[in-house]
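upload-v1.csv (CSV, C-alpha atoms)
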```csv
chain,number,residue,atom,x,y,z
A,1,MET,CA,-49.9,4.3,0.7
A,2,THR,CA,-53.2,3.6,-1.0
A,3,LEU,CA,-52.3,2.2,-4.4
A,4,PRO,CA,-54.2,3.3,-7.5
A,5,ALA,CA,-56.0,0.8,-9.7
A,6,THR,CA,-54.3,2.0,-12.9
A,7,MET,CA,-51.0,3.7,-13.8
A,8,ALA,CA,-49.1,5.4,-16.6
A,9,ALA,CA,-46.9,3.1,-18.6
A,10,VAL,CA,-45.4,2.6,-22.0
A,11,LEU,CA,-46.7,-0.5,-23.8
A,12,LEU,CA,-44.6,-2.2,-26.5
A,13,THR,CA,-47.3,-3.5,-28.7
A,14,GLY,CA,-45.1,-5.5,-31.1
A,15,HIS,CA,-41.7,-5.6,-32.7
A,16,GLY,CA,-40.9,-2.7,-35.0
A,17,GLY,CA,-40.3,1.1,-34.9
A,18,LEU,CA,-40.9,3.8,-32.4
A,19,ASP,CA,-44.6,3.7,-33.3
A,20,LYS,CA,-44.8,0.4,-31.4
A,21,LEU,CA,-44.4,2.4,-28.1
A,22,GLU,CA,-47.8,3.4,-26.7
A,23,TYR,CA,-48.0,5.7,-23.7
A,24,ARG,CA,-51.1,4.9,-21.7
A,25,THR,CA,-52.6,6.1,-18.4
A,26,ASP,CA,-55.1,3.2,-17.9
A,27,VAL,CA,-52.7,0.2,-17.4
A,28,PRO,CA,-53.5,-1.9,-14.3
A,29,VAL,CA,-51.1,-1.6,-11.5
A,30,PRO,CA,-49.3,-5.0,-11.1
A,31,GLN,CA,-50.0,-7.0,-7.9
A,32,PRO,CA,-47.0,-8.6,-6.1
A,33,GLY,CA,-47.3,-12.4,-5.9
A,34,ALA,CA,-45.5,-14.7,-3.4
A,35,GLY,CA,-41.9,-13.7,-3.1
A,36,GLU,CA,-42.3,-10.4,-5.0
A,37,ALA,CA,-42.1,-6.7,-4.2
A,38,LEU,CA,-44.0,-3.9,-5.8
A,39,ILE,CA,-41.9,-0.8,-6.5
A,40,GLN,CA,-43.1,2.7,-7.2
A,41,VAL,CA,-40.7,3.7,-10.0
A,42,GLY,CA,-38.7,6.9,-9.4
A,43,ALA,CA,-36.8,6.7,-12.7
A,44,ALA,CA,-35.8,4.2,-15.4
A,45,GLY,CA,-32.7,4.4,-17.6
A,46,ILE,CA,-32.6,3.7,-21.3
A,47,ASN,CA,-30.4,0.9,-22.6
A,48,ASN,CA,-29.4,-0.7,-25.9
A,49,THR,CA,-31.3,-3.8,-25.0
A,50,ASP,CA,-34.6,-1.8,-24.8
A,51,ILE,CA,-34.2,-0.8,-28.4
A,52,ASN,CA,-32.8,-4.1,-29.6
A,53,THR,CA,-35.8,-5.9,-28.0
A,54,ARG,CA,-38.3,-3.5,-29.6
A,55,THR,CA,-36.7,-4.0,-33.0
A,56,ALA,CA,-36.1,-7.8,-32.7
A,57,TRP,CA,-32.4,-7.2,-33.4
A,58,TYR,CA,-31.7,-10.3,-31.4
A,59,SER,CA,-33.2,-12.4,-34.2
A,60,LYS,CA,-30.6,-14.4,-36.0
A,61,ALA,CA,-32.2,-13.2,-39.2
A,62,VAL,CA,-30.7,-9.7,-38.6
A,63,GLY,CA,-27.0,-9.3,-39.4
A,64,THR,CA,-26.6,-5.5,-39.4
A,65,ALA,CA,-25.7,-2.8,-36.9
A,66,THR,CA,-28.2,-2.0,-34.2
A,67,GLU,CA,-28.7,1.6,-35.3
A,68,SER,CA,-29.7,0.7,-38.8
A,69,GLY,CA,-33.1,-0.4,-37.6
A,70,GLY,CA,-33.3,1.4,-34.3
A,71,ALA,CA,-36.0,3.9,-35.4
A,72,GLY,CA,-38.0,1.8,-37.8
A,73,GLY,CA,-37.3,-1.8,-36.9
A,74,PHE,CA,-35.9,-4.7,-39.0
A,75,ALA,CA,-38.2,-6.1,-41.8
A,76,GLU,CA,-36.2,-9.3,-41.9
A,77,ALA,CA,-36.5,-10.0,-38.1
A,78,ASP,CA,-38.2,-13.2,-37.1
A,79,ALA,CA,-40.4,-12.7,-34.0
A,80,ALA,CA,-39.8,-16.4,-33.0
A,81,ASP,CA,-36.3,-15.5,-31.8
A,82,GLY,CA,-36.7,-11.7,-31.4
A,83,GLY,CA,-36.1,-11.6,-27.7
A,84,TRP,CA,-33.2,-12.6,-25.4
A,85,ASP,CA,-34.8,-16.0,-24.8
A,86,GLY,CA,-37.1,-16.6,-27.7
A,87,PRO,CA,-40.4,-14.9,-28.6
A,88,LEU,CA,-41.7,-12.0,-26.5
A,89,GLN,CA,-45.2,-11.7,-25.1
A,90,PHE,CA,-47.1,-8.5,-26.1
A,91,PRO,CA,-48.0,-6.1,-24.9
A,92,ARG,CA,-44.8,-5.7,-22.8
A,93,ILE,CA,-43.7,-2.9,-20.5
A,94,GLN,CA,-40.0,-2.5,-21.2
A,95,GLY,CA,-37.3,-1.0,-19.0
A,96,ALA,CA,-34.4,-2.9,-17.6
A,97,ASP,CA,-33.5,-0.2,-15.1
A,98,VAL,CA,-35.7,0.3,-12.0
A,99,CYS,CA,-35.0,2.7,-9.2
A,100,GLY,CA,-37.7,3.4,-6.7
A,101,ARG,CA,-39.3,2.5,-3.3
A,102,ILE,CA,-41.1,-0.7,-2.3
A,103,VAL,CA,-44.7,0.1,-1.6
A,104,ALA,CA,-46.2,-3.4,-1.2
A,105,VAL,CA,-44.9,-7.0,-0.9
A,106,GLY,CA,-46.3,-10.5,-1.6
A,107,ALA,CA,-46.6,-13.5,0.7
A,108,GLY,CA,-43.3,-14.6,2.2
A,109,VAL,CA,-41.6,-11.2,2.0
A,110,ASP,CA,-41.0,-9.3,5.2
A,111,GLN,CA,-43.4,-6.3,5.6
A,112,SER,CA,-40.5,-4.3,7.0
A,113,ARG,CA,-39.1,-3.9,3.5
A,114,ILE,CA,-42.0,-1.6,2.6
A,115,GLY,CA,-40.4,1.9,2.2
A,116,GLU,CA,-36.9,0.7,1.2
A,117,ARG,CA,-35.2,2.6,-1.6
A,118,VAL,CA,-34.2,0.0,-4.0
A,119,LEU,CA,-32.5,-1.0,-7.3
A,120,VAL,CA,-33.7,-4.1,-9.2
A,121,ARG,CA,-31.1,-6.5,-10.6
A,122,SER,CA,-31.8,-6.4,-14.4
A,123,MET,CA,-30.6,-9.9,-15.0
A,124,MET,CA,-33.1,-11.5,-12.5
A,125,ARG,CA,-32.4,-14.9,-10.8
A,126,GLY,CA,-35.5,-15.1,-8.7
A,127,TYR,CA,-37.8,-16.4,-11.4
A,128,SER,CA,-35.3,-19.1,-12.5
A,129,ASN,CA,-34.6,-20.4,-9.0
A,130,SER,CA,-31.0,-19.3,-9.4
A,131,ARG,CA,-30.1,-22.0,-11.8
A,132,PRO,CA,-26.6,-21.6,-13.4
A,133,PHE,CA,-26.8,-19.5,-16.6
A,134,ALA,CA,-30.6,-19.2,-16.2
A,135,CYS,CA,-32.0,-15.7,-15.8
A,136,GLN,CA,-34.8,-13.5,-17.0
A,137,THR,CA,-34.3,-9.9,-18.1
A,138,LEU,CA,-36.5,-7.2,-16.6
A,139,GLY,CA,-38.5,-5.5,-19.4
A,140,SER,CA,-38.0,-8.5,-21.7
A,141,GLU,CA,-39.2,-11.8,-20.3
A,142,CYS,CA,-41.3,-9.9,-17.7
A,143,ASP,CA,-42.6,-6.3,-17.4
A,144,GLY,CA,-40.1,-3.6,-16.4
A,145,GLY,CA,-39.7,0.0,-15.4
A,146,PHE,CA,-41.2,2.1,-18.1
A,147,ALA,CA,-44.2,2.7,-15.8
A,148,GLN,CA,-45.2,4.2,-12.5
A,149,PHE,CA,-45.1,0.8,-10.8
A,150,ALA,CA,-43.2,-2.4,-11.4
A,151,LYS,CA,-42.9,-5.7,-9.6
A,152,ALA,CA,-39.9,-8.0,-9.2
A,153,PRO,CA,-38.7,-10.9,-7.1
A,154,ALA,CA,-37.8,-9.6,-3.7
A,155,ALA,CA,-34.5,-11.5,-3.9
A,156,ASP,CA,-33.6,-9.4,-7.0
A,157,THR,CA,-34.7,-6.1,-5.3
A,158,TRP,CA,-31.7,-4.6,-3.4
A,159,ALA,CA,-31.9,-1.9,-0.8
A,160,VAL,CA,-29.4,0.9,-1.5
A,161,ASN,CA,-28.4,3.8,0.8
A,162,CYS,CA,-26.9,6.8,-0.8
A,163,ASP,CA,-27.7,10.5,-1.5
A,164,TRP,CA,-28.0,10.2,-5.3
A,165,SER,CA,-31.1,11.3,-7.1
A,166,ASP,CA,-33.5,8.7,-8.6
A,167,ALA,CA,-32.2,9.6,-12.1
A,168,GLU,CA,-28.6,8.9,-11.0
A,169,LEU,CA,-29.5,5.6,-9.4
A,170,ALA,CA,-31.6,4.6,-12.5
A,171,SER,CA,-28.4,5.0,-14.6
A,172,ILE,CA,-26.8,2.1,-12.8
A,173,PRO,CA,-28.5,-1.4,-12.8
A,174,CYS,CA,-28.3,-2.6,-16.4
A,175,ALA,CA,-25.2,-0.7,-17.7
A,176,TYR,CA,-23.0,-0.9,-14.6
A,177,SER,CA,-23.9,-4.6,-13.8
A,178,THR,CA,-23.1,-5.5,-17.4
A,179,ALA,CA,-19.8,-3.6,-17.2
A,180,GLU,CA,-18.9,-5.2,-13.8
A,181,ASN,CA,-19.8,-8.6,-15.1
A,182,LEU,CA,-17.5,-8.2,-18.1
A,183,LEU,CA,-14.6,-7.2,-15.8
A,184,HIS,CA,-15.5,-10.0,-13.4
A,185,ARG,CA,-15.6,-12.7,-16.0
A,186,ALA,CA,-12.4,-11.6,-17.6
A,187,ALA,CA,-10.8,-11.3,-14.1
A,188,VAL,CA,-9.4,-7.8,-14.8
A,189,GLY,CA,-6.7,-6.6,-12.5
A,190,ALA,CA,-3.8,-4.2,-12.7
A,191,GLU,CA,-3.1,-4.6,-16.4
A,192,THR,CA,-3.8,-2.9,-19.7
A,193,VAL,CA,-7.5,-3.0,-20.9
A,194,LEU,CA,-9.1,-1.7,-24.1
A,195,ILE,CA,-12.8,-0.7,-23.7
A,196,THR,CA,-14.8,-0.1,-26.9
A,197,GLY,CA,-17.9,2.1,-27.0
A,198,ALA,CA,-16.4,3.9,-24.0
A,199,SER,CA,-18.8,6.9,-24.0
A,200,GLY,CA,-22.0,4.8,-23.8
A,201,GLY,CA,-23.7,3.6,-20.7
A,202,VAL,CA,-21.9,0.3,-20.3
A,203,GLY,CA,-18.6,1.6,-21.7
A,204,SER,CA,-18.4,4.7,-19.4
A,205,ALA,CA,-19.2,2.4,-16.5
A,206,ALA,CA,-16.5,-0.1,-17.5
A,207,VAL,CA,-13.9,2.7,-17.6
A,208,GLN,CA,-14.7,3.7,-14.0
A,209,LEU,CA,-14.9,0.1,-12.7
A,210,ALA,CA,-11.7,-1.0,-14.5
A,211,ARG,CA,-9.8,1.9,-13.0
A,212,ARG,CA,-11.1,0.8,-9.6
A,213,ARG,CA,-9.5,-2.6,-10.2
A,214,GLY,CA,-6.1,-0.9,-10.9
A,215,ALA,CA,-6.2,-1.3,-14.7
A,216,THR,CA,-4.7,1.1,-17.2
A,217,VAL,CA,-7.6,1.9,-19.5
A,218,ILE,CA,-7.4,2.6,-23.2
A,219,ALA,CA,-10.9,3.8,-24.3
A,220,GLN,CA,-12.3,3.9,-27.8
A,221,ALA,CA,-14.9,6.6,-28.5
A,222,ALA,CA,-15.8,9.4,-30.8
A,223,ALA,CA,-13.2,12.2,-30.8
A,224,ALA,CA,-15.8,14.7,-29.6
A,225,LYS,CA,-16.2,12.8,-26.4
A,226,PHE,CA,-12.6,12.3,-25.5
A,227,ASP,CA,-12.5,14.9,-22.7
A,228,GLU,CA,-15.5,13.4,-21.0
A,229,VAL,CA,-14.2,9.8,-21.2
A,230,ARG,CA,-10.7,10.9,-20.0
A,231,ALA,CA,-12.3,12.5,-17.0
A,232,LEU,CA,-13.8,9.0,-16.1
A,233,GLY,CA,-10.3,7.5,-15.8
A,234,ALA,CA,-9.1,6.6,-19.3
A,235,SER,CA,-5.3,6.9,-19.8
A,236,LYS,CA,-5.4,6.8,-23.6
A,237,LEU,CA,-8.1,7.6,-26.1
A,238,VAL,CA,-8.5,6.0,-29.5
A,239,GLU,CA,-11.0,7.3,-32.0
A,240,ARG,CA,-14.0,5.1,-33.0
A,241,GLY,CA,-13.3,3.3,-36.2
A,242,ALA,CA,-9.5,3.7,-35.9
A,243,ASP,CA,-7.0,1.0,-37.0
A,244,LEU,CA,-6.3,-0.5,-33.6
A,245,VAL,CA,-3.2,-2.3,-34.7
A,246,ALA,CA,-1.7,0.9,-36.2
A,247,GLU,CA,-2.7,2.9,-33.1
A,248,LEU,CA,-1.7,0.5,-30.3
A,249,GLY,CA,0.5,-2.2,-31.9
A,250,VAL,CA,0.3,-6.0,-32.1
A,251,GLU,CA,0.1,-7.7,-28.7
A,252,SER,CA,-0.2,-4.5,-26.7
A,253,VAL,CA,-3.1,-5.1,-24.4
A,254,ASP,CA,-4.1,-7.8,-21.9
A,255,VAL,CA,-7.8,-7.6,-22.0
A,256,VAL,CA,-10.4,-6.3,-24.5
A,257,ILE,CA,-13.9,-5.3,-23.2
A,258,ASP,CA,-16.0,-5.1,-26.3
A,259,LEU,CA,-19.5,-3.7,-26.8
A,260,VAL,CA,-19.1,-3.0,-30.5
A,261,ALA,CA,-18.0,-6.0,-32.6
A,262,GLY,CA,-18.6,-5.2,-36.3
A,263,PRO,CA,-16.1,-5.2,-39.2
A,264,GLY,CA,-13.1,-4.2,-37.1
A,265,TRP,CA,-13.5,-7.1,-34.8
A,266,PRO,CA,-10.4,-9.2,-36.0
A,267,GLN,CA,-8.1,-6.4,-34.8
A,268,HIS,CA,-9.1,-7.1,-31.2
A,269,LEU,CA,-7.4,-10.5,-31.3
A,270,GLU,CA,-4.4,-9.0,-33.0
A,271,ILE,CA,-3.8,-6.4,-30.2
A,272,LEU,CA,-4.2,-9.0,-27.4
A,273,ARG,CA,-1.1,-10.4,-25.9
A,274,LYS,CA,-0.6,-14.1,-25.8
A,275,GLY,CA,-2.8,-15.5,-23.1
A,276,GLY,CA,-5.1,-12.4,-23.4
A,277,ARG,CA,-8.8,-12.3,-22.7
A,278,TYR,CA,-11.7,-10.9,-24.7
A,279,ALA,CA,-15.1,-10.3,-23.1
A,280,VAL,CA,-18.1,-9.1,-25.0
A,281,ALA,CA,-21.7,-8.1,-24.1
A,282,GLY,CA,-22.8,-6.1,-27.2
A,283,ALA,CA,-22.4,-5.8,-31.0
A,284,ILE,CA,-23.7,-2.4,-31.9
A,285,ALA,CA,-21.6,-2.2,-35.0
A,286,GLY,CA,-22.8,-5.6,-36.2
A,287,PRO,CA,-23.1,-9.2,-34.8
A,288,LEU,CA,-21.3,-11.1,-37.6
A,289,VAL,CA,-17.5,-11.1,-37.5
A,290,GLU,CA,-14.6,-12.9,-39.1
A,291,LEU,CA,-12.5,-15.1,-36.9
A,292,ASP,CA,-9.2,-16.6,-37.8
A,293,VAL,CA,-9.2,-19.6,-35.5
A,294,ARG,CA,-5.4,-19.9,-35.8
A,295,THR,CA,-5.1,-16.6,-34.0
A,296,LEU,CA,-7.3,-17.8,-31.2
A,297,TYR,CA,-5.4,-21.0,-30.5
A,298,LEU,CA,-1.9,-20.1,-31.4
A,299,LYS,CA,-2.1,-17.1,-29.0
A,300,ASP,CA,-3.9,-19.1,-26.3
A,301,LEU,CA,-6.7,-16.5,-26.1
A,302,SER,CA,-9.8,-16.8,-24.0
A,303,LEU,CA,-13.1,-15.5,-25.2
A,304,PHE,CA,-16.0,-14.7,-22.8
A,305,GLY,CA,-19.6,-14.1,-23.8
A,306,CYS,CA,-21.2,-12.2,-20.9
A,307,THR,CA,-24.9,-12.2,-20.1
A,308,PHE,CA,-25.6,-14.3,-17.0
A,309,GLN,CA,-24.3,-12.6,-13.8
A,310,GLU,CA,-23.2,-14.4,-10.6
A,311,ASP,CA,-24.8,-13.0,-7.4
A,312,ILE,CA,-21.5,-11.3,-6.4
A,313,VAL,CA,-21.7,-8.9,-9.4
A,314,PHE,CA,-24.7,-6.9,-8.3
A,315,GLU,CA,-23.7,-7.2,-4.6
A,316,ASN,CA,-20.4,-5.6,-5.5
A,317,LEU,CA,-22.1,-2.9,-7.4
A,318,ILE,CA,-24.4,-1.9,-4.5
A,319,ARG,CA,-21.5,-1.8,-2.1
A,320,THR,CA,-19.5,0.4,-4.6
A,321,ILE,CA,-22.4,2.9,-4.8
A,322,GLU,CA,-22.8,3.1,-1.1
A,323,ARG,CA,-19.0,3.7,-0.6
A,324,GLY,CA,-19.2,6.6,-3.1
A,325,ASP,CA,-16.7,5.0,-5.4
A,326,LEU,CA,-18.7,5.6,-8.6
A,327,ARG,CA,-19.6,8.8,-10.5
A,328,PRO,CA,-23.1,8.5,-11.9
A,329,LEU,CA,-23.2,9.9,-15.4
A,330,VAL,CA,-26.7,11.2,-16.5
A,331,ALA,CA,-26.7,13.1,-19.8
A,332,ARG,CA,-30.4,14.0,-19.8
A,333,THR,CA,-33.8,13.1,-18.3
A,334,TYR,CA,-37.1,12.9,-20.1
A,335,PRO,CA,-40.7,12.5,-19.0
A,336,LEU,CA,-41.9,8.9,-19.5
A,337,ALA,CA,-44.4,10.1,-22.2
A,338,ASP,CA,-41.4,11.4,-24.3
A,339,ILE,CA,-39.9,7.9,-24.7
A,340,ALA,CA,-39.8,8.1,-28.5
A,341,ALA,CA,-37.8,11.3,-28.4
A,342,ALA,CA,-35.5,9.9,-25.8
A,343,GLN,CA,-34.9,6.7,-27.8
A,344,SER,CA,-34.3,8.9,-30.9
A,345,ASP,CA,-31.6,10.9,-29.0
A,346,PHE,CA,-30.2,7.6,-27.7
A,347,LEU,CA,-29.8,6.3,-31.3
A,348,ALA,CA,-28.1,9.6,-32.3
A,349,LYS,CA,-25.3,8.8,-29.8
A,350,LYS,CA,-24.4,12.5,-29.2
A,351,HIS,CA,-24.4,12.0,-25.4
A,352,THR,CA,-22.0,10.6,-22.9
A,353,GLY,CA,-23.4,8.4,-20.2
A,354,LYS,CA,-27.1,7.6,-19.7
A,355,LEU,CA,-30.5,9.0,-20.8
A,356,VAL,CA,-33.2,8.5,-18.1
A,357,LEU,CA,-37.0,8.5,-18.1
A,358,VAL,CA,-39.0,9.8,-15.2
A,359,PRO,CA,-42.6,8.7,-14.8
A,360,PRO,CA,-45.3,11.2,-13.6
A,361,ALA,CA,-46.0,11.5,-9.9
A,362,VAL,CA,-48.8,9.1,-8.9
A,363,GLY,CA,-52.1,10.9,-9.4
A,364,ALA,CA,-50.6,13.4,-11.8
A,365,GLN,CA,-50.6,11.5,-15.1
```
Could you express the structure from this file as structure tokens?
Amino acid sequence: MTLPATMAAVLLTGHGGLDKLEYRTDVPVPQPGAGEALIQVGAAGINNTDINTRTAWYSKAVGTATESGGAGGFAEADAADGGWDGPLQFPRIQGADVCGRIVAVGAGVDQSRIGERVLVRSMMRGYSNSRPFACQTLGSECDGGFAQFAKAPAADTWAVNCDWSDAELASIPCAYSTAENLLHRAAVGAETVLITGASGGVGSAAVQLARRRGATVIAQAAAAKFDEVRALGASKLVERGADLVAELGVESVDVVIDLVAGPGWPQHLEILRKGGRYAVAGAIAGPLVELDVRTLYLKDLSLFGCTFQEDIVFENLIRTIERGDLRPLVARTYPLADIAAAQSDFLAKKHTGKLVLVPPAVGAQ
């Protein structure tokens, strides 16, 4: 195809509220460099990290729940540590999820890849030369998928063969790889697992993926979403904010997969059996928790912070999609220009699964 010179995209112009998201139709189309592929974006999912990055919630100056500044930002945030890996460069095109087709490649990439339908690994290794625990996040350290075109290392751009829609595929990369990574790092098998935030993108993915591993899943979610989460494979539902010790009992689960943290965090260690594992990749209820170190060492617990992903994580995910072992869960799609409304709905958390943005057709913006 003949590529246009400019494209529609959403520019994040600085840390702050929804007003920092600027929809433009005159953004230069990126050019793939050596080892890179250029993707025409079919759809891009919305994730907590998009909002957390916009608001600079990752700054250590912020100690409150993500939703408290999701719409307006955090006045106390320090831009020097507002991103995953230090300060962000603005303007930035966000979007950790990219589904689309390769339309051009840079030097060193086989021309035969043009035309492939692809997903991009959100936690990219190509720019870090695959160093252990080094990665860059699509839409954070480099431009992402809230645009008609995006570029990425060809090594992080994976061909996928399935009959899902673009919106369904765009619900996968960030949320499902995060969920699979949590389960991989905690070595989840046929045992009892508690998953917090189970109706969200990562949580609903973790429910499905844990069941595939033979686990008995206890899911924590809002009561109004119990039926939807149960349909994904949860054996028992616990209401959000419930007293976990009272509901489940002391030393009742083998693994906790946590996306919430917040004030109720100490209960997670109480319900873990001796030798249990706790894995975390989010703190939507608040990042600061109280830890009784005696519980940690007297129960021989293992705690896993999960960001970096080994190559096998995304590879497993692609194969799982192609086998038809996953159920994509898209709650609603929005035109890319309606990103502020989509993020407002995301913050309201009345949905189960993923919200997805769809860019305009090339030439129709």
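When all atoms listed in the file are used to measure the gap to Lys349 (chain A), the shortest distance among A:Ile195, A:Met123, A:Ala224, A:Val29 belongs to A:Ala224.
Non-sequential neighbours of region 296-312 of chain A (distance at most 6 Å, separation of 3 or more positions within a chain, all atoms listed in the file) are Phe133, Lys274, Gly275, Gly276, Arg277, Tyr278, Ala279, Val280, Ala281, Val293, Glu315 and Asn316 of chain A.
Using all atoms listed in the file, the shortest contact distance between Thr352 (chain A) and any of A:Phe226, A:Phe146, A:Tyr334, A:Phe314 is found at A:Phe226.
Across the model, the gap from CA of Ile51 (chain A) to CA of Phe90 (chain A) is 15.2 Å.
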Inset, instruction - Take the point (-39.3, -12.8, -24.7) as written in the file and pick out every residue within 10 Å of it, counting only C-alpha atoms; give the list as number ranges by chain. - result: A: 53, 56, 79-90, 92, 136-137, 139-142
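For the pair CA of Lys20 (chain A) and CA of Gly72 (chain A), the interatomic distance is 9.4 Å.
The shortest atom-to-atom distance to Arg213 (chain A), with only C-alpha atoms taken into account, belongs to A:Glu191 out of A:Asp97, A:Asp227, A:Glu191, A:Glu239.
Proximity to Glu76 (chain A) was assessed for A:Arg323, A:His15, A:Arg125, A:Arg117 counting all atoms listed in the file; the smallest distance is recorded for A:His15.
Between CA of Leu336 (chain A) and CA of Gln111 (chain A) the interatomic distance comes to 29.4 Å.
In this comparison, which uses all atoms listed in the file, the residue of A:Val188, A:Val62, A:Ala77, A:Ala223 approaching Lys350 (chain A) most closely is A:Ala223.
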Legend entry - 7 Å contact set for region 147-164 of chain A, only C-alpha atoms, chain neighbours under 3 positions out, as a VMD selection string: chain A and resid 7 to 10 29 to 30 32 35 to 41 116 to 121 124 to 126 144 168 to 169 318 322 359
Inset, instruction - Determine, counting all atoms listed in the file, which protein, DNA and RNA residues have an atom within 8 Å of an atom of Thr6 (chain A); residues of the same chain fewer than 6 positions away are not included. Present the result as a ChimeraX atom specification. - result: /A:25-29
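Closest approach to Arg294 (chain A) among A:Glu270, A:Trp57, A:Thr178, A:Asp110 is made by A:Glu270 (distances from all atoms listed in the file).
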Legend entry - Test item: residues at most 7 Å from Val229 (chain A), only C-alpha atoms, excluding those fewer than 4 positions along its chain, as a PyMOL selection string: chain A and resi 198-199+204+225+234
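All residues of protein, DNA or RNA that reach within 10 Å of Pro287 (chain A), judged by all atoms listed in the file and not counting those fewer than 2 positions away in the chain, are Trp57, Tyr58, Lys60, Val62, Gly63, Thr64, Ala65, Thr66, Val260, Ala261, Gly262, Pro263, Trp265, Gly282, Ala283, Ile284, Ala285 and Val289 of chain A.
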Reconstructed N, CA, C and O atoms for region 18-29 of chain A, given as a PDB file, in the coordinates of the input:
```
ATOM      1  N   LEU A  18     -40.483   3.033 -33.585  1.00  0.00           N
ATOM      2  CA  LEU A  18     -40.900   3.800 -32.400  1.00  0.00           C
ATOM      3  C   LEU A  18     -42.410   3.896 -32.292  1.00  0.00           C
ATOM      4  O   LEU A  18     -42.919   4.129 -31.194  1.00  0.00           O
ATOM      5  N   ASP A  19     -43.128   3.668 -33.397  1.00  0.00           N
ATOM      6  CA  ASP A  19     -44.600   3.700 -33.300  1.00  0.00           C
ATOM      7  C   ASP A  19     -45.174   2.545 -32.527  1.00  0.00           C
ATOM      8  O   ASP A  19     -46.359   2.561 -32.181  1.00  0.00           O
ATOM      9  N   LYS A  20     -44.349   1.561 -32.183  1.00  0.00           N
ATOM     10  CA  LYS A  20     -44.800   0.400 -31.400  1.00  0.00           C
ATOM     11  C   LYS A  20     -44.828   0.751 -29.886  1.00  0.00           C
ATOM     12  O   LYS A  20     -45.247  -0.084 -29.077  1.00  0.00           O
ATOM     13  N   LEU A  21     -44.361   1.936 -29.514  1.00  0.00           N
ATOM     14  CA  LEU A  21     -44.400   2.400 -28.100  1.00  0.00           C
ATOM     15  C   LEU A  21     -45.602   3.191 -27.859  1.00  0.00           C
ATOM     16  O   LEU A  21     -45.776   4.268 -28.434  1.00  0.00           O
ATOM     17  N   GLU A  22     -46.473   2.718 -26.994  1.00  0.00           N
ATOM     18  CA  GLU A  22     -47.800   3.400 -26.700  1.00  0.00           C
ATOM     19  C   GLU A  22     -47.850   3.813 -25.284  1.00  0.00           C
ATOM     20  O   GLU A  22     -47.871   2.986 -24.369  1.00  0.00           O
ATOM     21  N   TYR A  23     -47.878   5.137 -25.078  1.00  0.00           N
ATOM     22  CA  TYR A  23     -48.000   5.700 -23.700  1.00  0.00           C
ATOM     23  C   TYR A  23     -49.468   5.650 -23.313  1.00  0.00           C
ATOM     24  O   TYR A  23     -50.337   6.184 -23.999  1.00  0.00           O
ATOM     25  N   ARG A  24     -49.745   5.002 -22.181  1.00  0.00           N
ATOM     26  CA  ARG A  24     -51.100   4.900 -21.700  1.00  0.00           C
ATOM     27  C   ARG A  24     -51.192   5.291 -20.231  1.00  0.00           C
ATOM     28  O   ARG A  24     -50.203   5.237 -19.499  1.00  0.00           O
ATOM     29  N   THR A  25     -52.368   5.699 -19.779  1.00  0.00           N
ATOM     30  CA  THR A  25     -52.600   6.100 -18.400  1.00  0.00           C
ATOM     31  C   THR A  25     -53.619   5.163 -17.704  1.00  0.00           C
ATOM     32  O   THR A  25     -54.042   5.445 -16.588  1.00  0.00           O
ATOM     33  N   ASP A  26     -54.011   4.078 -18.391  1.00  0.00           N
ATOM     34  CA  ASP A  26     -55.100   3.200 -17.900  1.00  0.00           C
ATOM     35  C   ASP A  26     -54.580   1.753 -17.720  1.00  0.00           C
ATOM     36  O   ASP A  26     -55.367   0.808 -17.770  1.00  0.00           O
ATOM     37  N   VAL A  27     -53.278   1.575 -17.503  1.00  0.00           N
ATOM     38  CA  VAL A  27     -52.700   0.200 -17.400  1.00  0.00           C
ATOM     39  C   VAL A  27     -52.874  -0.242 -15.943  1.00  0.00           C
ATOM     40  O   VAL A  27     -52.551   0.490 -14.996  1.00  0.00           O
ATOM     41  N   PRO A  28     -53.366  -1.454 -15.714  1.00  0.00           N
ATOM     42  CA  PRO A  28     -53.500  -1.900 -14.300  1.00  0.00           C
ATOM     43  C   PRO A  28     -52.224  -1.977 -13.572  1.00  0.00           C
ATOM     44  O   PRO A  28     -51.184  -2.390 -14.101  1.00  0.00           O
ATOM     45  N   VAL A  29     -52.260  -1.516 -12.329  1.00  0.00           N
ATOM     46  CA  VAL A  29     -51.100  -1.600 -11.500  1.00  0.00           C
ATOM     47  C   VAL A  29     -50.832  -3.082 -11.148  1.00  0.00           C
ATOM     48  O   VAL A  29     -51.751  -3.800 -10.747  1.00  0.00           O
TER      49      VAL A  29
END
```
